[in-house]
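my_file.tsv follows; it contains TSV, C-alpha atoms and all ligand atoms.
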```
chain	number	residue	atom	x	y	z
A	26	MET	CA	214.12	168.47	-1.09
A	27	SER	CA	211.21	169.04	1.26
A	28	GLY	CA	211.56	171.77	3.93
A	29	PRO	CA	210.29	171.58	7.52
A	30	LYS	CA	206.55	171.04	7.84
A	31	GLN	CA	204.61	174.29	8.23
A	32	VAL	CA	203.11	175.08	11.62
A	33	ASN	CA	199.33	174.81	11.59
A	34	LEU	CA	198.32	177.67	13.89
A	35	LYS	CA	194.68	176.61	13.74
A	36	LYS	CA	195.66	173.25	15.26
A	37	LEU	CA	198.75	173.99	17.32
A	38	ARG	CA	200.25	170.96	19.04
A	39	PRO	CA	203.35	170.43	21.20
A	40	TYR	CA	206.57	169.69	19.34
A	41	GLY	CA	208.90	166.82	20.28
A	42	ASP	CA	211.11	166.02	17.30
A	43	ILE	CA	208.60	165.88	14.44
A	44	MET	CA	206.11	168.64	13.67
A	45	ASP	CA	202.67	167.86	15.11
A	46	ASP	CA	203.83	164.80	17.07
A	47	GLY	CA	202.16	166.26	20.18
A	48	THR	CA	204.99	165.12	22.45
A	49	VAL	CA	204.80	166.36	26.03
A	50	GLN	CA	207.31	165.94	28.87
A	51	LEU	CA	205.73	165.18	32.22
A	52	CYS	CA	207.32	165.16	35.65
A	53	PHE	CA	205.60	163.92	38.79
A	54	THR	CA	206.16	162.01	41.99
A	55	LEU	CA	204.33	158.94	43.24
A	56	PRO	CA	204.35	158.19	46.96
A	57	VAL	CA	205.79	154.68	46.51
A	58	GLU	CA	209.35	153.30	46.28
A	59	PRO	CA	210.78	152.94	42.74
A	60	SER	CA	209.94	149.48	41.38
A	61	PRO	CA	208.62	147.85	38.18
A	62	GLU	CA	205.12	148.22	39.69
A	63	ALA	CA	205.69	151.94	40.35
A	64	LYS	CA	206.84	152.36	36.73
A	65	GLU	CA	203.72	150.56	35.45
A	66	ALA	CA	201.55	152.74	37.74
A	67	ALA	CA	203.15	155.88	36.27
A	68	ILE	CA	202.54	154.63	32.70
A	69	GLN	CA	198.89	153.81	33.46
A	70	PHE	CA	198.46	157.22	35.08
A	71	CYS	CA	199.70	158.92	31.89
A	72	GLN	CA	197.49	156.73	29.70
A	73	LYS	CA	194.47	157.66	31.84
A	74	MET	CA	195.33	161.32	31.19
A	75	GLY	CA	195.00	160.54	27.47
A	76	PHE	CA	198.68	160.25	26.49
A	77	ALA	CA	199.73	157.68	23.88
A	78	GLU	CA	203.17	156.14	23.27
A	79	VAL	CA	204.16	156.67	26.89
A	80	LYS	CA	207.92	156.36	27.50
A	81	VAL	CA	209.48	156.51	30.97
A	82	ALA	CA	212.77	158.42	30.65
A	83	THR	CA	213.72	158.28	34.34
A	84	MET	CA	212.42	156.85	37.58
A	85	GLU	CA	214.40	158.10	40.60
A	86	LYS	CA	214.04	157.70	44.33
A	87	ALA	CA	213.09	161.19	45.57
A	88	ALA	CA	213.00	160.30	49.29
A	89	GLN	CA	212.11	157.32	51.45
A	90	GLY	CA	208.85	155.98	49.96
A	91	PHE	CA	208.76	158.40	46.96
A	92	SER	CA	209.66	157.97	43.29
A	93	THR	CA	209.94	160.80	40.77
A	94	PHE	CA	209.35	160.23	37.05
A	95	VAL	CA	210.21	162.03	33.84
A	96	ILE	CA	207.96	160.68	31.11
A	97	TYR	CA	207.24	161.45	27.47
A	98	GLY	CA	203.82	160.94	25.96
A	99	ASN	CA	201.94	162.10	22.86
A	100	THR	CA	198.74	164.06	23.08
A	101	LYS	CA	196.12	164.21	20.35
A	102	PHE	CA	194.83	167.61	21.53
A	103	SER	CA	195.51	170.89	19.79
A	104	VAL	CA	194.57	174.55	20.30
A	105	ASP	CA	193.53	177.22	17.83
A	106	PHE	CA	196.34	179.73	18.29
A	107	THR	CA	194.62	182.24	15.99
A	108	SER	CA	191.65	182.54	18.34
A	109	ILE	CA	193.69	183.40	21.45
A	110	HIS	CA	193.30	186.91	22.86
A	111	VAL	CA	195.22	187.71	26.03
A	112	VAL	CA	194.68	190.74	28.25
A	113	LYS	CA	198.26	191.90	28.65
A	114	VAL	CA	200.31	194.93	29.56
A	115	GLU	CA	200.35	197.11	26.45
A	116	SER	CA	203.93	198.29	26.52
A	117	GLN	CA	207.04	197.42	24.54
A	118	THR	CA	210.07	196.73	26.72
A	119	LYS	CA	212.84	199.21	25.93
A	120	PRO	CA	216.51	199.37	26.93
A	121	ARG	CA	217.29	201.44	30.04
A	122	GLU	CA	219.02	204.16	28.02
A	123	GLU	CA	215.92	204.59	25.86
A	124	VAL	CA	213.61	204.85	28.88
A	125	ASP	CA	215.92	207.46	30.45
A	126	GLU	CA	216.02	209.42	27.21
A	127	LEU	CA	212.22	209.36	26.90
A	128	ILE	CA	211.81	210.74	30.42
A	129	ARG	CA	214.51	213.37	29.88
A	130	THR	CA	213.13	214.64	26.60
A	131	LYS	CA	209.37	214.18	27.01
A	132	ILE	CA	208.90	214.76	30.74
A	133	GLY	CA	211.98	216.73	31.75
A	134	ARG	CA	212.09	215.60	35.37
A	135	LYS	CA	212.68	212.39	37.25
A	136	LEU	CA	209.69	210.09	37.68
A	137	VAL	CA	209.30	209.05	41.31
A	138	VAL	CA	208.65	205.35	41.89
A	139	VAL	CA	207.81	204.04	45.37
A	140	GLY	CA	207.76	200.28	45.97
A	141	ALA	CA	207.09	197.85	48.80
A	142	CYS	CA	206.06	194.34	49.69
A	143	THR	CA	202.92	194.87	51.72
A	144	GLY	CA	200.96	193.40	54.60
A	145	PHE	CA	202.53	190.60	56.60
A	146	ASP	CA	204.43	189.44	53.52
A	147	ALA	CA	208.17	189.38	54.30
A	148	HIS	CA	209.44	188.37	50.85
A	149	THR	CA	211.73	191.17	49.74
A	150	VAL	CA	213.56	189.42	46.91
A	151	GLY	CA	210.92	190.14	44.23
A	152	ILE	CA	210.63	193.88	44.82
A	153	ASP	CA	214.41	194.09	45.29
A	154	ALA	CA	214.90	192.36	41.92
A	155	ILE	CA	212.88	195.10	40.27
A	156	MET	CA	214.09	198.11	42.24
A	157	ASN	CA	217.61	197.53	43.55
A	158	MET	CA	220.53	198.90	41.54
A	159	LYS	CA	221.83	195.37	40.83
A	160	GLY	CA	218.55	194.32	39.19
A	161	PHE	CA	217.60	190.84	37.99
A	162	ALA	CA	218.82	188.41	35.33
A	163	GLY	CA	221.34	190.87	33.92
A	164	ASP	CA	218.82	193.71	33.75
A	165	TYR	CA	219.64	196.70	35.96
A	166	GLY	CA	217.06	197.71	38.58
A	167	LEU	CA	215.08	200.96	38.67
A	168	GLU	CA	217.60	202.57	41.06
A	169	ARG	CA	220.09	202.45	38.21
A	170	TYR	CA	217.94	204.61	35.91
A	171	GLN	CA	219.21	208.16	35.77
A	172	TRP	CA	215.72	209.61	35.29
A	173	LEU	CA	213.90	207.53	37.89
A	174	ASP	CA	213.89	208.37	41.59
A	175	ALA	CA	213.29	204.85	42.93
A	176	ARG	CA	212.45	204.34	46.61
A	177	ASN	CA	212.22	200.80	47.92
A	178	LEU	CA	210.43	200.72	51.29
A	179	GLY	CA	211.14	197.01	51.86
A	180	ALA	CA	208.75	194.38	53.20
A	181	GLN	CA	205.85	194.19	55.66
A	182	VAL	CA	204.76	197.74	54.84
A	183	ALA	CA	201.16	198.56	55.83
A	184	ASN	CA	198.93	199.76	52.98
A	185	ASP	CA	198.31	203.11	54.69
A	186	ASP	CA	202.03	203.68	55.29
A	187	LEU	CA	202.82	202.96	51.65
A	188	LEU	CA	200.20	205.42	50.43
A	189	GLN	CA	201.25	208.09	52.93
A	190	ARG	CA	204.87	207.74	51.80
A	191	ALA	CA	203.78	207.87	48.15
A	192	ILE	CA	201.95	211.14	48.85
A	193	GLU	CA	204.92	212.62	50.75
A	194	LEU	CA	207.28	211.73	47.91
A	195	ASN	CA	204.84	212.95	45.26
A	196	ALA	CA	205.08	209.55	43.60
A	197	ASP	CA	204.27	208.99	39.97
A	198	ALA	CA	204.13	205.21	40.34
A	199	VAL	CA	203.52	202.84	43.23
A	200	LEU	CA	204.86	199.28	42.99
A	201	VAL	CA	203.42	196.56	45.22
A	202	SER	CA	204.86	193.08	45.61
A	203	LYS	CA	202.80	190.15	46.91
A	204	VAL	CA	204.37	186.72	47.22
A	205	VAL	CA	202.36	184.87	49.85
A	206	THR	CA	198.99	183.87	48.39
A	207	GLN	CA	197.69	181.55	51.10
A	208	HIS	CA	193.94	182.03	51.64
A	209	ASN	CA	194.09	184.63	48.82
A	210	ILE	CA	195.67	187.12	51.21
A	211	HIS	CA	197.35	188.85	48.24
A	212	ILE	CA	194.00	189.63	46.61
A	213	LYS	CA	192.52	190.89	49.89
A	214	ASP	CA	195.52	193.15	50.58
A	215	LEU	CA	195.73	194.46	47.02
A	216	LYS	CA	192.02	195.31	46.89
A	217	ASP	CA	192.27	197.01	50.28
A	218	LEU	CA	195.18	199.15	49.07
A	219	MET	CA	193.31	200.24	45.97
A	220	GLU	CA	190.17	201.00	47.94
A	221	ARG	CA	192.22	203.30	50.15
A	222	ALA	CA	193.95	204.85	47.14
A	223	ARG	CA	190.58	205.54	45.53
A	224	LYS	CA	189.24	207.19	48.68
A	225	MET	CA	192.38	209.34	48.84
A	226	GLY	CA	191.89	210.39	45.20
A	227	LEU	CA	195.22	208.94	44.09
A	228	MET	CA	194.06	206.88	41.13
A	229	GLU	CA	194.53	209.63	38.55
A	230	LYS	CA	197.73	210.95	40.10
A	231	MET	CA	199.69	207.74	40.39
A	232	ILE	CA	200.26	204.60	38.33
A	233	PHE	CA	199.61	201.50	40.42
A	234	VAL	CA	201.52	198.34	39.55
A	235	SER	CA	201.45	195.01	41.35
A	236	GLY	CA	203.72	192.03	40.96
A	237	GLY	CA	204.60	188.61	42.31
A	238	PRO	CA	204.94	184.99	41.28
A	239	ARG	CA	201.17	184.42	41.18
A	240	MET	CA	200.32	187.82	39.76
A	241	THR	CA	198.82	188.23	36.29
A	242	HIS	CA	197.79	191.36	34.46
A	243	PRO	CA	194.05	190.42	34.49
A	244	LEU	CA	194.22	189.74	38.25
A	245	ALA	CA	195.89	193.09	38.83
A	246	LEU	CA	193.14	194.82	36.84
A	247	GLU	CA	190.52	192.96	38.88
A	248	CYS	CA	192.14	194.30	42.06
A	249	GLY	CA	191.98	197.87	40.73
A	250	PHE	CA	195.61	198.23	39.61
A	251	ASP	CA	196.75	199.65	36.29
A	252	ALA	CA	199.03	196.70	35.52
A	253	GLY	CA	200.31	193.43	36.92
A	254	PHE	CA	203.57	191.55	36.34
A	255	GLY	CA	204.40	187.92	37.15
A	256	VAL	CA	207.23	185.42	37.13
A	257	GLY	CA	210.37	186.41	35.24
A	258	THR	CA	209.57	190.13	35.10
A	259	LYS	CA	212.62	192.28	34.44
A	260	PRO	CA	213.10	195.84	35.71
A	261	SER	CA	213.15	197.19	32.15
A	262	ASP	CA	209.64	195.73	31.58
A	263	VAL	CA	208.41	197.78	34.52
A	264	ALA	CA	210.33	200.97	33.71
A	265	SER	CA	209.10	200.83	30.10
A	266	TYR	CA	205.51	200.37	31.22
A	267	ILE	CA	205.70	203.26	33.71
A	268	VAL	CA	207.05	205.76	31.18
A	269	ASP	CA	204.61	204.60	28.45
A	270	GLU	CA	201.63	204.82	30.79
A	271	TYR	CA	202.77	208.21	32.10
A	272	LEU	CA	203.10	209.61	28.57
A	273	LYS	CA	199.75	208.08	27.55
A	274	ARG	CA	197.99	209.81	30.45
A	275	LYS	CA	199.83	213.05	29.77
A	276	ALA	CA	198.78	212.98	26.12
A	277	SER	CA	195.15	212.28	26.98
A	278	GLU	CA	195.11	215.12	29.52
A	279	GLU	CA	196.59	217.50	26.99
A	280	LYS	CA	193.92	216.42	24.50
A	281	LYS	CA	191.16	217.09	27.04
A	282	ALA	CA	192.50	220.51	28.13
A	283	PRO	CA	191.23	223.38	25.93
A	284	ALA	CA	194.01	225.16	24.04
A	285	PRO	CA	194.75	228.54	25.76
A	286	LYS	CA	194.06	231.71	23.76
A	287	ALA	CA	197.42	233.17	22.78
A	288	SER	CA	196.87	236.77	23.97
A	289	SER	CA	195.23	236.19	27.36
A	290	ALA	CA	197.19	233.04	28.17
A	291	ALA	CA	200.48	234.92	27.96
A	292	LYS	CA	199.39	237.34	30.70
A	293	LYS	CA	198.14	234.61	33.04
A	294	THR	CA	200.28	233.30	35.88
A	295	PRO	CA	201.45	229.87	34.74
A	296	THR	CA	199.58	226.98	36.31
A	297	LYS	CA	201.35	224.90	38.95
A	298	LYS	CA	201.64	222.12	36.41
A	299	ALA	CA	203.17	224.24	33.69
A	300	ALA	CA	205.55	225.93	36.12
A	301	ALA	CA	206.70	222.66	37.60
A	302	GLN	CA	207.27	221.13	34.20
A	303	LYS	CA	209.63	223.95	33.31
A	304	LYS	CA	211.82	223.22	36.34
A	305	PRO	CA	215.18	221.72	35.51
A	306	ALA	CA	215.55	217.97	35.96
A	307	GLY	CA	216.02	216.68	39.48
A	308	LYS	CA	214.99	219.95	41.12
A	309	GLY	CA	211.45	219.35	42.27
A	310	LYS	CA	208.79	217.63	40.26
A	311	GLY	CA	206.03	218.76	38.02
A	312	ARG	CA	202.75	216.87	37.92
A	313	ARG	CA	200.90	215.74	34.92
A	401	LIG	C1	213.21	183.09	49.94
A	401	LIG	C2	211.87	182.64	50.46
A	401	LIG	C3	211.54	183.01	51.76
A	401	LIG	C4	212.44	183.88	52.64
A	401	LIG	C5	212.22	185.34	52.21
A	401	LIG	C6	213.49	186.14	52.40
A	401	LIG	C7	213.36	187.50	51.80
A	401	LIG	N1	214.10	188.41	52.34
A	401	LIG	O1	212.61	187.73	50.84
A	401	LIG	C8	211.87	183.56	54.06
A	401	LIG	C9	212.67	182.41	54.65
A	401	LIG	C10	211.88	184.71	55.04
A	401	LIG	C11	210.47	183.07	53.73
A	401	LIG	C12	209.46	183.05	54.64
A	401	LIG	C13	208.21	182.52	54.38
A	401	LIG	N2	207.81	181.90	53.28
A	401	LIG	CO1	208.84	181.87	51.69
A	401	LIG	N3	209.82	181.49	50.08
A	401	LIG	C14	210.98	181.86	49.67
A	401	LIG	C15	211.27	181.23	48.30
A	401	LIG	C16	212.20	180.02	48.54
A	401	LIG	C17	211.88	182.11	47.23
A	401	LIG	C18	211.16	183.42	46.96
A	401	LIG	C19	212.06	184.31	46.13
A	401	LIG	O2	212.91	184.98	46.68
A	401	LIG	N4	211.95	184.26	44.79
A	401	LIG	C20	212.82	184.98	43.88
A	401	LIG	C21	212.14	186.28	43.35
A	401	LIG	C22	213.13	187.03	42.44
A	401	LIG	O3	211.04	185.88	42.60
A	401	LIG	P1	209.61	186.60	42.75
A	401	LIG	O4	209.32	186.94	44.14
A	401	LIG	O5	208.65	185.76	42.02
A	401	LIG	O6	209.80	187.99	41.97
A	401	LIG	C23	209.78	188.09	40.58
A	401	LIG	C24	208.38	188.27	39.97
A	401	LIG	O7	207.37	187.64	40.69
A	401	LIG	C25	208.21	189.76	39.90
A	401	LIG	N5	207.79	190.54	41.04
A	401	LIG	C26	207.77	190.25	42.35
A	401	LIG	N6	207.32	191.29	43.06
A	401	LIG	C27	207.05	192.29	42.18
A	401	LIG	C28	206.54	193.56	42.35
A	401	LIG	C29	206.32	194.38	41.23
A	401	LIG	C30	205.76	195.73	41.42
A	401	LIG	C31	206.63	193.90	39.94
A	401	LIG	C32	206.40	194.74	38.77
A	401	LIG	C33	207.13	192.61	39.77
A	401	LIG	C34	207.35	191.82	40.89
A	401	LIG	O8	209.52	190.20	39.56
A	401	LIG	C35	210.49	189.40	40.22
A	401	LIG	C36	211.64	189.21	39.27
A	401	LIG	O9	211.20	188.58	38.10
A	401	LIG	C37	209.83	180.78	47.86
A	401	LIG	C38	209.75	179.48	47.03
A	401	LIG	C39	210.20	179.70	45.61
A	401	LIG	N7	211.11	178.90	45.17
A	401	LIG	O10	209.70	180.63	44.95
A	401	LIG	C40	209.13	180.59	49.20
A	401	LIG	C41	207.65	180.86	49.28
A	401	LIG	C42	207.32	182.12	48.54
A	401	LIG	N8	207.42	181.06	50.75
A	401	LIG	C43	206.34	180.57	51.15
A	401	LIG	C44	205.89	180.61	52.48
A	401	LIG	C45	204.61	179.89	52.79
A	401	LIG	C46	206.61	181.28	53.46
A	401	LIG	C47	206.23	181.40	54.93
A	401	LIG	C48	204.75	181.68	55.19
A	401	LIG	C49	206.70	180.12	55.61
A	401	LIG	C50	206.31	180.00	57.06
A	401	LIG	N9	205.36	179.11	57.30
A	401	LIG	O11	206.82	180.71	57.89
A	401	LIG	C51	207.11	182.55	55.38
A	401	LIG	C52	206.36	183.87	55.23
A	401	LIG	C53	206.90	184.89	56.08
A	401	LIG	C54	206.15	186.16	55.80
A	401	LIG	N10	205.71	186.82	56.85
A	401	LIG	O12	205.97	186.54	54.65
A	401	LIG	C55	205.54	179.93	50.04
A	401	LIG	C56	204.36	180.78	49.60
A	401	LIG	C57	203.16	179.94	49.29
A	401	LIG	C58	202.05	180.80	48.84
A	401	LIG	N11	201.79	180.77	47.54
A	401	LIG	O13	201.44	181.49	49.60
A	401	LIG	C59	206.64	179.68	48.97
A	401	LIG	C60	206.14	179.69	47.51
A	401	LIG	C61	207.29	178.32	49.32
A	401	LIG	C62	206.33	177.16	49.13
A	401	LIG	N12	206.39	176.45	48.04
A	401	LIG	O14	205.53	176.88	49.99
A	401	LIG	N13	210.39	182.67	52.49
```
The structure given in the file should be rewritten as structure tokens.
Ligand code: B12
Amino acid sequence: MSGPKQVNLKKLRPYGDIMDDGTVQLCFTLPVEPSPEAKEAAIQFCQKMGFAEVKVATMEKAAQGFSTFVIYGNTKFSVDFTSIHVVKVESQTKPREEVDELIRTKIGRKLVVVGACTGFDAHTVGIDAIMNMKGFAGDYGLERYQWLDARNLGAQVANDDLLQRAIELNADAVLVSKVVTQHNIHIKDLKDLMERARKMGLMEKMIFVSGGPRMTHPLALECGFDAGFGVGTKPSDVASYIVDEYLKRKASEEKKAPAPKASSAAKKTPTKKAAAQKKPAGKGKGRR
């Protein structure tokens, strides 16, 4: 008995119902009424794109003068999966309870997260999905985390106002949502925010995260952010990243700082940082 054909990662091809058949489902609309000629036009269009064995599954009237098609075709192209290297957020998504426990045990105070949708952008649903108690797709939002102090400033927040609020709240992380991308307004606004943050000396103190349907991690990096999240992001992805990044920075600072000499260090007044970190949870915040 022969088992299923092995996947060739060097020559990865789409799967229809037989390994390596290269079957792709296409969906598009032609601005003509459904007709045998429209169907033939759709088939020829697919053939010109290089698809073989083109099969029209459906042709439906989408509106007056428009027909929408669902078509299957086979491609001969493949990609070398083993050569793909993606710049991505280096954090493993953890359950909410685990994130809370990490903050409680390793940081000992609530992490403050301030979020907003900035500029003229009025789309609140994305940032709400991440921050609001209810969350998104069955994943509770940051407000639900016991060891996060999540503040959602809403939409149409000016870059300066967001940064001022982040300073007032002593934020550990700043979340920025951008949905409208017309004329690359998202990139302009995001770069402007980071320029201001840099001038204010906030880059080391806060973790900057951007998100939105057209956001990618590489684009976020290009705009000066620490991380970027796109379509389908869940609150736990963001919470996990924030705590991981916070602990990473904390560890690297501790590595850099020279170890205090036991005798003299004991007599010294504790630094602001050390004192704050000893405070009980929820009562004031220590910095890294
Ligand atoms: C609802 C909606 C509106 C509502 C917004 C209501 C509200 N309170 O938010 C209203 C009617 C107000 C509106 C207005 C406009 N809209 Co509108 N809108 C939409 C719509 C239908 C859904 C957006 C949405 O809610 N998605 C659901 C959320 C959950 O998804 P999300 O935002 O992608 O968020 C997820 C991720 O991206 C990520 N994420 C998002 N933000 C962040 C932030 C962080 C920090 C992180 C980590 C992750 C993260 O996590 C979320 C969960 O996974 C989209 C079309 C569509 N189907 O997407 C158009 C759409 C976004 N709108 C569009 C446009 C053009 C407009 C208007 C300019 C229209 C006009 N001419 O007036 C105005 C803009 C007004 C303004 N000043 O911003 C365009 C944008 C095109 C573009 N790329 O620039 C779209 C794509 C429609 C279209 N196809 O043309 N809109």
* Using all atoms listed in the file, find each protein or nucleic acid residue lying at most 9 Å from ligand LIG 401 (chain A); present the set as a PyMOL selection string. => chain A and resi 140-142+144-156+160-162+180-181+199-211+233-240+252-260+262-264
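Minimum distance to Thr241 (chain A) across A:Val114, A:Val81, A:Cys52, A:Ile192 (counting all atoms listed in the file) occurs at A:Val114.
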For the contact check between region 99-211 of chain A and region 30-36 of chain A, emit one row per residue of region 99-211 of chain A within 10 Å, containing the shortest atom pair and the distance in Å rounded to one decimal, counting only C-alpha atoms, chain then rising number order, as JSON lines.
```
{"residue": "A:Phe102", "atom": "CA", "partner": "A:Lys36", "partner_atom": "CA", "distance": 8.5}
{"residue": "A:Ser103", "atom": "CA", "partner": "A:Lys36", "partner_atom": "CA", "distance": 5.1}
{"residue": "A:Val104", "atom": "CA", "partner": "A:Lys36", "partner_atom": "CA", "distance": 5.3}
{"residue": "A:Asp105", "atom": "CA", "partner": "A:Lys35", "partner_atom": "CA", "distance": 4.3}
{"residue": "A:Phe106", "atom": "CA", "partner": "A:Leu34", "partner_atom": "CA", "distance": 5.2}
{"residue": "A:Thr107", "atom": "CA", "partner": "A:Lys35", "partner_atom": "CA", "distance": 6.1}
{"residue": "A:Ser108", "atom": "CA", "partner": "A:Lys35", "partner_atom": "CA", "distance": 8.1}
```
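Counting all atoms listed in the file and comparing A:Asp174, A:Asp164, A:Asp185, A:Glu123, the residue that lies closest to Thr143 (chain A) is A:Asp185.
With CA of Ala198 (chain A) on one side and CA of Arg134 (chain A) on the other, the separation reads 14.0 Å.
When CA of Gly75 (chain A) is paired with CA of Asn99 (chain A), their separation reads 8.5 Å.
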Show which residues sit within 10 Å of region 220-229 of chain A, as an mmCIF file with C-alpha atoms, in the coordinates of the input. Count all atoms listed in the file, and ignore same-chain residues fewer than 3 positions away.
```cif
data_model
loop_
_atom_site.group_PDB
_atom_site.id
_atom_site.type_symbol
_atom_site.label_atom_id
_atom_site.label_comp_id
_atom_site.auth_asym_id
_atom_site.auth_seq_id
_atom_site.Cartn_x
_atom_site.Cartn_y
_atom_site.Cartn_z
ATOM 1 C CA ASN A 184 198.930 199.760 52.980
ATOM 2 C CA ASP A 185 198.310 203.110 54.690
ATOM 3 C CA LEU A 188 200.200 205.420 50.430
ATOM 4 C CA GLN A 189 201.250 208.090 52.930
ATOM 5 C CA ALA A 191 203.780 207.870 48.150
ATOM 6 C CA ILE A 192 201.950 211.140 48.850
ATOM 7 C CA ALA A 196 205.080 209.550 43.600
ATOM 8 C CA ASP A 197 204.270 208.990 39.970
ATOM 9 C CA ASP A 214 195.520 193.150 50.580
ATOM 10 C CA LEU A 215 195.730 194.460 47.020
ATOM 11 C CA LYS A 216 192.020 195.310 46.890
ATOM 12 C CA ASP A 217 192.270 197.010 50.280
ATOM 13 C CA ILE A 232 200.260 204.600 38.330
ATOM 14 C CA PHE A 233 199.610 201.500 40.420
ATOM 15 C CA CYS A 248 192.140 194.300 42.060
ATOM 16 C CA GLY A 249 191.980 197.870 40.730
ATOM 17 C CA PHE A 250 195.610 198.230 39.610
ATOM 18 C CA ASP A 251 196.750 199.650 36.290
ATOM 19 C CA ARG A 274 197.990 209.810 30.450
ATOM 20 C CA ARG A 313 200.900 215.740 34.920
#
```
* Structure fact -> Counting all atoms listed in the file, closest pick from A:Leu136, A:Asp186, A:Leu194, A:Glu270 relative to Glu168 (chain A) is A:Leu136
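The coordinates place CA of Ile128 (chain A) at 21.9 Å from CA of Lys281 (chain A).
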* Mind listing as a VMD selection string all residues within 6 Å of (207.1, 165.0, 30.3), counting all atoms listed in the file? -> chain A and resid 49 to 52 95 to 97
Take the selection from the previous step and output its residues with C-alpha atoms, as a PDB file, in the coordinates of the input.
```
ATOM      1  CA  VAL A  49     204.800 166.360  26.030  1.00  0.00           C
ATOM      2  CA  GLN A  50     207.310 165.940  28.870  1.00  0.00           C
ATOM      3  CA  LEU A  51     205.730 165.180  32.220  1.00  0.00           C
ATOM      4  CA  CYS A  52     207.320 165.160  35.650  1.00  0.00           C
ATOM      5  CA  VAL A  95     210.210 162.030  33.840  1.00  0.00           C
ATOM      6  CA  ILE A  96     207.960 160.680  31.110  1.00  0.00           C
ATOM      7  CA  TYR A  97     207.240 161.450  27.470  1.00  0.00           C
TER       8      TYR A  97
END
```
